[in-house]
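K.L.:
For reference, the structure I am asking about is given below.
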Amino acid sequence: MDMTQETAQETKEVNKNLSEAMKGNQNARKKPFTEQMKRHLLANPKKLEKIIERMVDDAVEGNLAAAKEIIDRVEGKAVQATEISGPDGAELVKGIGFMFIDGNDKPD
């Protein structure tokens, strides 16, 4: 297999993987811009590569927004802590009590 055939095979494999990865949640609400962008990038994988290269280069040069975007995409967005409390920050539950009932006892 010569270099041209290897490159063509690699490109075909990348396109297949990209196509699978970009399918996303099929039950999600349709987003026209997103759908159009996916179609465009699937048809032009070199453009996607350029976008990724530029974003990585920007992050390396100190662009924190680019670095954050890369980290969020690779690691997933950080989970935001949420505190659930009653009015004025009071506890929702003060305690939990248990009552054991003999299975042979009949209710009154």
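Following the order of the structure tokens, chains are lettered A, B, ..., residues in each are numbered from 1, and ligands are numbered from 1.
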Please report, as a ChimeraX atom specification, each residue of stretch 1-107 of chain A to which DSSP assigns alpha helix (DSSP H) when run on this structure's backbone.

P.N.:
/A:3-21,32-43,45-60,64-75

K.L.:
Under the rule that only C-alpha atoms are counted, which of A:Thr34, A:Gly95, A:Asn15, A:Gln80 is the nearest residue to A:Leu48?

P.N.:
A:Asn15

K.L.:
Choose the residue, out of A:Met37, A:Val79, A:Ile70, A:Ile84, that has the smallest atom-to-atom separation from A:Arg54; count only C-alpha atoms.

P.N.:
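Using only C-alpha atoms, the shortest distance to A:Arg54 belongs to A:Ile70.
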
K.L.:
Enter the distance from atom CA of A:Leu42 to atom CA of A:Leu64, in Å, rounded to one decimal.

P.N.:
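Going from atom CA of A:Leu42 over to atom CA of A:Leu64, I get 27.7 Å.
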